[in-house]
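A short write-up of the structure that comes next.
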Amino acid sequence: MITAGVDVGAKYVKIVILEDGKNVLARANGIVEFDVWKSANDVFEKALLNVGLKREQVGQVVATGMGRKIVHMKPPIDAKEIVPEVIADAKGTYYLIPTVKTVIDVGAEEGRGIKVSENGGVRDFVINERCAAGAGTFIETMARALEVGVENMGPLALKSMNAIPMNAQCCVFAESEVVSLIHSKVSKEDIAKAIHDAIAGRIASMVLRIGVEKDVALIGGVARNPGFLPPLKKELNTEILIPEYPECVGALGAALFASEMEGQK
Amino acid sequence: MSERSSEFWRWREYRHTQPNMDWNQAKIVTAGIDIGSVGSKAAIILDGQLYAYSVMRTGGVSEETAFKVMNWALEGTGLKTENLHQVVGTGYGRVNIPFANKTITEIACHARGAHYIYGPSVRTVLDIGGQDCKAIRCDNKGKVMSFLMNDKCAAGTGRGLEVFSDLIRIPIEEVGKVSLNVTEEPPPVSNTCVIFAKAESVALLRQGWPKEKVAAAYHLAMVDRIIDLLTKVGIEKDFVITGGVAKNIGIATRLETNLGIKPLEPELDPILAGAIGAALFANALYEKQLGLR
Amino acid sequence: MQAHYGYKDGSGDYFIIIDTDNCDGCGKCVKACPYEVLELVDNEFDIEGGSMATVTEQHRKKIKYSCAPCKPVSGERKLPCVLACETKAITHSW
């Protein structure tokens, strides 16, 4: 039995192809271009190609992510079911880390905190949306102001031992603040750390609304950024686990739902 | 060239003395100093009537600017600082005015000053600057009944407009006019956040929307947001708009249309509102000390 | 006077509203707030002076986050600042 999970995010499409509800056959991701539907299909095509499968060989497909409706009941992906991000996140994380109680998902445009129930369901959740200061876009925008590649932001931040507060709580105003910090000769390392401290502080405060219970897992694209974890751990005062392929956890959750659907047929 | 001169005009430094007024005849002479982040203003009033004023750029040291702007307002009047019965300071640099007898917030001074400039019918004051947006509701005496200030988020401020004009490559002074160049208003941009609204505008341009239409959608979203903030303090007639963004006709026209209220036109530069308000508070303070109120 | 401290951003409205006509400057809310969001200041809105509660400059731009621990997603928890205020001068917009 082969199923797939498709996570159409704000910035990337992530796809997981699963065999018998447990073996991951393929993972693929790609940038969301102007035509979201085409972007999703291209990534799906890429995933199939990786394992030498044809669309007909894949059974149920479940979609999640903010663009999930675009592939709902629409061939070739033709997802028969769509699930909200928090449900897919909880399912996927619980599968990888059965002891998980709290999931923190930081994507490009949204930050989420999820309290996971005994069986991998959602007990409670909180979302920060529609404000760029509370999601991955913040780091990306600041990277541009610093003239540093976004992938270098985390490593740069790790080199700093200083704590410089950032006052701006808005992405646009923070850009100006970063520029004035550069002008006042603050090192790029210190500025990069200040940026990560700021976003970690906001995400941590948001997660506190659902309460932090161990084990705590961090997923989503921003989990790939090594500069984000230390300030988040400090703010929440807890150990935080990051699964392998943290950006694909939502897609995995969706693929697991697809397997359950297939099993019930 | 035109771009330059309008920029120059916006930051023009000037002073003025009202002719036909004699401070020697006045019972109470007071001053208000408003040290803002960009501009500093001083106003001198005689028995509650505006006599002289000055507007200049804020320098690096607030104390120095305070002395400069005060002395400039006094220039040629024969008045000296010692002749002032009371001085009230306001604005973000108000704590750094050595000769001020008291400080009052810019919100209260702005309302009191708007009441003087536009007349006692003013109930709602909207002040949109480069980095913030203030909504104030006041009573028939210029006393603040309700206020709100948003300086956290760039949406609905001059900065948000700058980001947009940069994106569509139309000068900030013209973007408002350009946005009115549509036969029908499009739906507003759905994102509030400037970063996301910018991405949404890019997507609209890629869909083939002309610049004017995208500009209209962006301006409409800003207006919706400003009205939302105004609603929180309660909109009441008469209504006035101050601050740099008031000069954007795309915002001003849509505010008028969507609120169904025409803003009052000022006879004095509304940039002076804070300083005039402060001087009026100084007048009230002195009257109180004399036991007149 | 209804003093609105806070902001509106893409994610929503976050204002702490202090009715300065009701605020008697007792300072109980300042002590009750676990995150030092509130403080007592001189009333600079009028020449009469007196003291009044306000949201600190430091917190005005981030009260969505500063106040988050007192606003759990589920389960009821009365806000400490609101409970402490005997004159009912404090309200939250969210």
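Residue numbering restarts at 1 in every chain; chains get A, B, ... in the order shown in the structure tokens, and ligands count up from 1 in that same order.
Near B:Thr17, within a cut-off of 8 Å and counting only C-alpha atoms, sit the residues B:Tyr51, B:Ala52, B:Tyr53, B:Ala73, B:Thr77, with same-chain residues fewer than 3 positions away left out.
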Would you mind listing, as a list in words, all residues of chain A that have at least one atom within 10 Å of chain C, where only C-alpha atoms are what counts?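 Going by the stated atoms only, the list reads Arg123, Asp124, Phe125, Val126, Ile127, Asn128, Glu129, Arg130, Cys131, Ala132, Ala133, Gly134, Asn167, Ala168, Gln169, Cys170, Gly201, Arg202, Ile203, Ala204, Ser205, Met206, Val207, Leu208, Arg209, Ile210 and Gly211 of chain A.
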Produce a file of the selected residues containing N, CA and C atoms, as a JSON list (two decimals), in the first residue's frame.
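Okay, selection-v8.json is ready:
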```json
[["chain", "number", "residue", "atom", "x", "y", "z"],
["A", 123, "ARG", "N", -4.74, 18.56, 21.26],
["A", 123, "ARG", "CA", -5.51, 18.92, 22.45],
["A", 123, "ARG", "C", -5.79, 20.42, 22.46],
["A", 124, "ASP", "N", -4.83, 21.16, 21.93],
["A", 124, "ASP", "CA", -4.89, 22.61, 22.02],
["A", 124, "ASP", "C", -3.89, 23.17, 21.02],
["A", 125, "PHE", "N", -4.14, 24.34, 20.50],
["A", 125, "PHE", "CA", -3.13, 24.93, 19.63],
["A", 125, "PHE", "C", -3.24, 26.44, 19.61],
["A", 126, "VAL", "N", -2.17, 27.06, 19.17],
["A", 126, "VAL", "CA", -2.13, 28.51, 19.05],
["A", 126, "VAL", "C", -1.36, 28.82, 17.76],
["A", 127, "ILE", "N", -1.83, 29.82, 17.01],
["A", 127, "ILE", "CA", -1.17, 30.14, 15.74],
["A", 127, "ILE", "C", -0.86, 31.63, 15.68],
["A", 128, "ASN", "N", 0.32, 31.95, 15.20],
["A", 128, "ASN", "CA", 0.63, 33.33, 14.87],
["A", 128, "ASN", "C", 0.62, 33.43, 13.36],
["A", 129, "GLU", "N", -0.29, 34.21, 12.85],
["A", 129, "GLU", "CA", -0.38, 34.31, 11.40],
["A", 129, "GLU", "C", -0.55, 35.75, 10.98],
["A", 130, "ARG", "N", -0.29, 35.99, 9.74],
["A", 130, "ARG", "CA", -0.54, 37.28, 9.10],
["A", 130, "ARG", "C", 0.25, 38.46, 9.68],
["A", 131, "CYS", "N", 1.31, 38.17, 10.40],
["A", 131, "CYS", "CA", 2.25, 39.22, 10.82],
["A", 131, "CYS", "C", 3.63, 38.60, 10.63],
["A", 132, "ALA", "N", 4.42, 39.21, 9.74],
["A", 132, "ALA", "CA", 5.70, 38.60, 9.35],
["A", 132, "ALA", "C", 6.70, 38.55, 10.50],
["A", 133, "ALA", "N", 6.49, 39.39, 11.54],
["A", 133, "ALA", "CA", 7.45, 39.42, 12.64],
["A", 133, "ALA", "C", 7.44, 38.12, 13.45],
["A", 134, "GLY", "N", 6.39, 37.30, 13.29],
["A", 134, "GLY", "CA", 6.28, 36.10, 14.10],
["A", 134, "GLY", "C", 6.55, 34.81, 13.34],
["A", 167, "ASN", "N", 14.49, 46.58, 19.31],
["A", 167, "ASN", "CA", 13.28, 47.23, 19.79],
["A", 167, "ASN", "C", 12.10, 47.05, 18.85],
["A", 168, "ALA", "N", 12.37, 47.06, 17.55],
["A", 168, "ALA", "CA", 11.29, 46.99, 16.58],
["A", 168, "ALA", "C", 10.59, 45.64, 16.67],
["A", 169, "GLN", "N", 9.26, 45.68, 16.62],
["A", 169, "GLN", "CA", 8.48, 44.44, 16.66],
["A", 169, "GLN", "C", 7.79, 44.22, 15.33],
["A", 170, "CYS", "N", 8.19, 44.95, 14.32],
["A", 170, "CYS", "CA", 7.61, 44.86, 12.99],
["A", 170, "CYS", "C", 8.75, 44.60, 12.02],
["A", 201, "GLY", "N", 12.00, 34.78, 21.07],
["A", 201, "GLY", "CA", 11.21, 35.35, 22.17],
["A", 201, "GLY", "C", 9.73, 35.39, 21.82],
["A", 202, "ARG", "N", 9.43, 35.79, 20.59],
["A", 202, "ARG", "CA", 8.02, 35.89, 20.18],
["A", 202, "ARG", "C", 7.38, 34.50, 20.08],
["A", 203, "ILE", "N", 8.10, 33.56, 19.48],
["A", 203, "ILE", "CA", 7.55, 32.21, 19.34],
["A", 203, "ILE", "C", 7.35, 31.58, 20.73],
["A", 204, "ALA", "N", 8.34, 31.77, 21.62],
["A", 204, "ALA", "CA", 8.24, 31.19, 22.97],
["A", 204, "ALA", "C", 7.01, 31.75, 23.70],
["A", 205, "SER", "N", 6.82, 33.07, 23.65],
["A", 205, "SER", "CA", 5.67, 33.68, 24.34],
["A", 205, "SER", "C", 4.36, 33.13, 23.81],
["A", 206, "MET", "N", 4.32, 32.92, 22.48],
["A", 206, "MET", "CA", 3.11, 32.38, 21.88],
["A", 206, "MET", "C", 2.84, 30.96, 22.41],
["A", 207, "VAL", "N", 3.89, 30.14, 22.44],
["A", 207, "VAL", "CA", 3.73, 28.74, 22.87],
["A", 207, "VAL", "C", 3.31, 28.67, 24.34],
["A", 208, "LEU", "N", 3.74, 29.64, 25.15],
["A", 208, "LEU", "CA", 3.37, 29.65, 26.57],
["A", 208, "LEU", "C", 1.86, 29.71, 26.78],
["A", 209, "ARG", "N", 1.14, 30.15, 25.76],
["A", 209, "ARG", "CA", -0.32, 30.21, 25.89],
["A", 209, "ARG", "C", -0.95, 28.82, 25.95],
["A", 210, "ILE", "N", -0.25, 27.81, 25.44],
["A", 210, "ILE", "CA", -0.82, 26.45, 25.56],
["A", 210, "ILE", "C", -0.08, 25.67, 26.64],
["A", 211, "GLY", "N", 0.98, 26.25, 27.17],
["A", 211, "GLY", "CA", 1.74, 25.56, 28.21],
["A", 211, "GLY", "C", 2.77, 24.65, 27.57]]
```
I'd like to know which residues of stretch 156-234 of chain A are alpha helix (DSSP H) (by DSSP, run on the backbone); could you write them as a PyMOL selection string? chain A and resi 156-158+171-183+188-207+229-234
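The residue that comes closest to B:Gly158, out of A:Ala198, A:Phe173, A:Ala47, A:Glu262 and on the basis of only C-alpha atoms, is A:Phe173.
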Check: which chain B residues lie within 7 Å of chain A using only C-alpha atoms, as a ChimeraX atom specification: /B:152-154,191,193,195
With 7 Å as the limit and counting only C-alpha atoms, what residues in chain B lie close to chain C? Please list them as a PyMOL selection string. chain B and resi 103-105+108+144-148+150+152-153+191-193+281+285
Test item: residues at most 12 Å from C:Cys23, only C-alpha atoms, excluding those fewer than 6 positions along its chain, as a PyMOL selection string: chain C and resi 1-3+17+29+40-41+43+50-54+82+84-91
Can those selected residues be exported to a file as a PDB file, in the first residue's frame so that it contains C-alpha atoms?
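File produced: selection12.pdb:
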```
ATOM      1  CA  MET C   1     -10.156  59.415  29.006  1.00  0.00           C
ATOM      2  CA  GLN C   2      -9.897  56.025  27.365  1.00  0.00           C
ATOM      3  CA  ALA C   3      -6.174  55.453  26.867  1.00  0.00           C
ATOM      4  CA  ILE C  17      -7.453  50.206  27.610  1.00  0.00           C
ATOM      5  CA  CYS C  29      -2.470  46.479  39.032  1.00  0.00           C
ATOM      6  CA  LEU C  40       2.466  54.252  37.619  1.00  0.00           C
ATOM      7  CA  VAL C  41       3.374  57.555  35.994  1.00  0.00           C
ATOM      8  CA  ASN C  43      -0.592  62.134  34.561  1.00  0.00           C
ATOM      9  CA  GLY C  50      -1.725  63.131  39.780  1.00  0.00           C
ATOM     10  CA  SER C  51      -0.623  59.581  39.142  1.00  0.00           C
ATOM     11  CA  MET C  52      -2.099  57.024  36.790  1.00  0.00           C
ATOM     12  CA  ALA C  53      -1.433  53.504  35.573  1.00  0.00           C
ATOM     13  CA  THR C  54       0.030  53.004  32.120  1.00  0.00           C
ATOM     14  CA  VAL C  82      -8.165  43.333  35.761  1.00  0.00           C
ATOM     15  CA  ALA C  84      -6.640  43.795  41.023  1.00  0.00           C
ATOM     16  CA  CYS C  85      -8.335  46.945  39.794  1.00  0.00           C
ATOM     17  CA  GLU C  86     -11.109  47.888  42.229  1.00  0.00           C
ATOM     18  CA  THR C  87     -12.348  50.769  40.084  1.00  0.00           C
ATOM     19  CA  LYS C  88     -12.618  48.549  36.985  1.00  0.00           C
ATOM     20  CA  ALA C  89     -10.432  50.864  34.930  1.00  0.00           C
ATOM     21  CA  ILE C  90      -8.608  48.179  32.917  1.00  0.00           C
ATOM     22  CA  THR C  91      -9.886  46.236  29.913  1.00  0.00           C
TER      23      THR C  91
END
```
Need the shell around stretch 84-90 of chain B: protein/DNA/RNA residues with any atom at most 10 Å away, counting only C-alpha atoms. Skip same-chain ones fewer than 3 positions apart. Format as a PyMOL selection string? (chain B and resi 27-36+40-46+66+79-81+93-110+274-287) or (chain C and resi 44+47)
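The gap separating atom CA of A:Ala108 from atom CA of A:Ala26 is 22.9 Å, in Å to one decimal.
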Within 8 Å of B:Ala246 using only C-alpha atoms, minus same-chain residues under 6 positions, as an NGL selection string: :B and (127-128 or 252)
Keeping only N, CA and C atoms, take the residues you just selected and write them out as a short mmCIF file (atom, residue, chain, number, x, y, z; two decimals), in the first residue's frame.
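Once everything was written out, this is selection_31.cif:
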```cif
data_model
loop_
_atom_site.label_atom_id
_atom_site.label_comp_id
_atom_site.auth_asym_id
_atom_site.auth_seq_id
_atom_site.Cartn_x
_atom_site.Cartn_y
_atom_site.Cartn_z
N ASP B 127 -3.68 61.61 13.07
CA ASP B 127 -2.34 62.08 12.75
C ASP B 127 -1.52 60.89 12.24
N ILE B 128 -1.23 60.89 10.94
CA ILE B 128 -0.46 59.79 10.37
C ILE B 128 0.92 60.29 9.99
N ALA B 252 -6.28 60.50 1.61
CA ALA B 252 -7.20 61.53 2.10
C ALA B 252 -8.57 61.42 1.42
#
```
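Computed from the coordinates, the atom CA of B:His16 to atom CA of B:Met56 distance equals 12.2 Å.
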Please compute the atom CA of A:Gly59-atom CA of A:Ser259 distance, one decimal, in Å.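 Distance between the two atoms: 8.4 Å.
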Which parts of stretch 27-93 of chain C does DSSP call strand (DSSP E or B) when run on the backbone here, written out as a PyMOL selection string? chain C and resi 38-42+51-55+90-92
Neighbour list for A:Val116 as number ranges by chain, cut-off 6 Å, only C-alpha atoms, skip fewer than 6 positions in-chain: A: 101-102, 122-123
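Considering the residues A:Asp7, A:Glu140, A:Glu85, A:Glu189 and counting only C-alpha atoms, A:Val61 has its shortest atom-to-atom contact with A:Asp7.
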Write out as a list in words which residues come within 6 Å of A:Ile17 when counting only C-alpha atoms, dropping same-chain ones fewer than 2 positions away.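 Counting only the stated atoms, we get Thr3, Ala4, Val24, Leu25 and Ala26 of chain A.
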Could the residues in this selection be written to a file with all heavy atoms, as a PDB file, in the first residue's frame?
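In the end it all went to part37.pdb:
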```pdb
ATOM      1  N   THR A   3       0.921   5.437  -0.114  1.00  0.00           N
ATOM      2  CA  THR A   3       0.125   6.663   0.035  1.00  0.00           C
ATOM      3  C   THR A   3       1.065   7.862   0.003  1.00  0.00           C
ATOM      4  O   THR A   3       2.281   7.705   0.090  1.00  0.00           O
ATOM      5  CB  THR A   3      -0.658   6.671   1.362  1.00  0.00           C
ATOM      6  OG1 THR A   3       0.280   6.585   2.439  1.00  0.00           O
ATOM      7  CG2 THR A   3      -1.640   5.522   1.439  1.00  0.00           C
ATOM      8  N   ALA A   4       0.455   9.056  -0.098  1.00  0.00           N
ATOM      9  CA  ALA A   4       1.284  10.259  -0.113  1.00  0.00           C
ATOM     10  C   ALA A   4       0.656  11.381   0.700  1.00  0.00           C
ATOM     11  O   ALA A   4      -0.564  11.453   0.855  1.00  0.00           O
ATOM     12  CB  ALA A   4       1.509  10.723  -1.550  1.00  0.00           C
ATOM     13  N   VAL A  24       9.149   5.397   4.685  1.00  0.00           N
ATOM     14  CA  VAL A  24       9.176   6.550   3.785  1.00  0.00           C
ATOM     15  C   VAL A  24       9.954   6.164   2.528  1.00  0.00           C
ATOM     16  O   VAL A  24      11.131   5.803   2.588  1.00  0.00           O
ATOM     17  CB  VAL A  24       9.834   7.768   4.468  1.00  0.00           C
ATOM     18  CG1 VAL A  24      10.016   8.907   3.473  1.00  0.00           C
ATOM     19  CG2 VAL A  24       9.002   8.233   5.652  1.00  0.00           C
ATOM     20  N   LEU A  25       9.275   6.171   1.378  1.00  0.00           N
ATOM     21  CA  LEU A  25       9.924   5.816   0.112  1.00  0.00           C
ATOM     22  C   LEU A  25      10.618   7.022  -0.496  1.00  0.00           C
ATOM     23  O   LEU A  25      11.690   6.915  -1.080  1.00  0.00           O
ATOM     24  CB  LEU A  25       8.896   5.281  -0.887  1.00  0.00           C
ATOM     25  CG  LEU A  25       8.221   3.952  -0.545  1.00  0.00           C
ATOM     26  CD1 LEU A  25       7.239   3.577  -1.652  1.00  0.00           C
ATOM     27  CD2 LEU A  25       9.240   2.832  -0.359  1.00  0.00           C
ATOM     28  N   ALA A  26       9.970   8.184  -0.360  1.00  0.00           N
ATOM     29  CA  ALA A  26      10.560   9.383  -0.962  1.00  0.00           C
ATOM     30  C   ALA A  26      10.104  10.639  -0.240  1.00  0.00           C
ATOM     31  O   ALA A  26       9.008  10.689   0.318  1.00  0.00           O
ATOM     32  CB  ALA A  26      10.152   9.467  -2.443  1.00  0.00           C
TER      33      ALA A  26
END
```
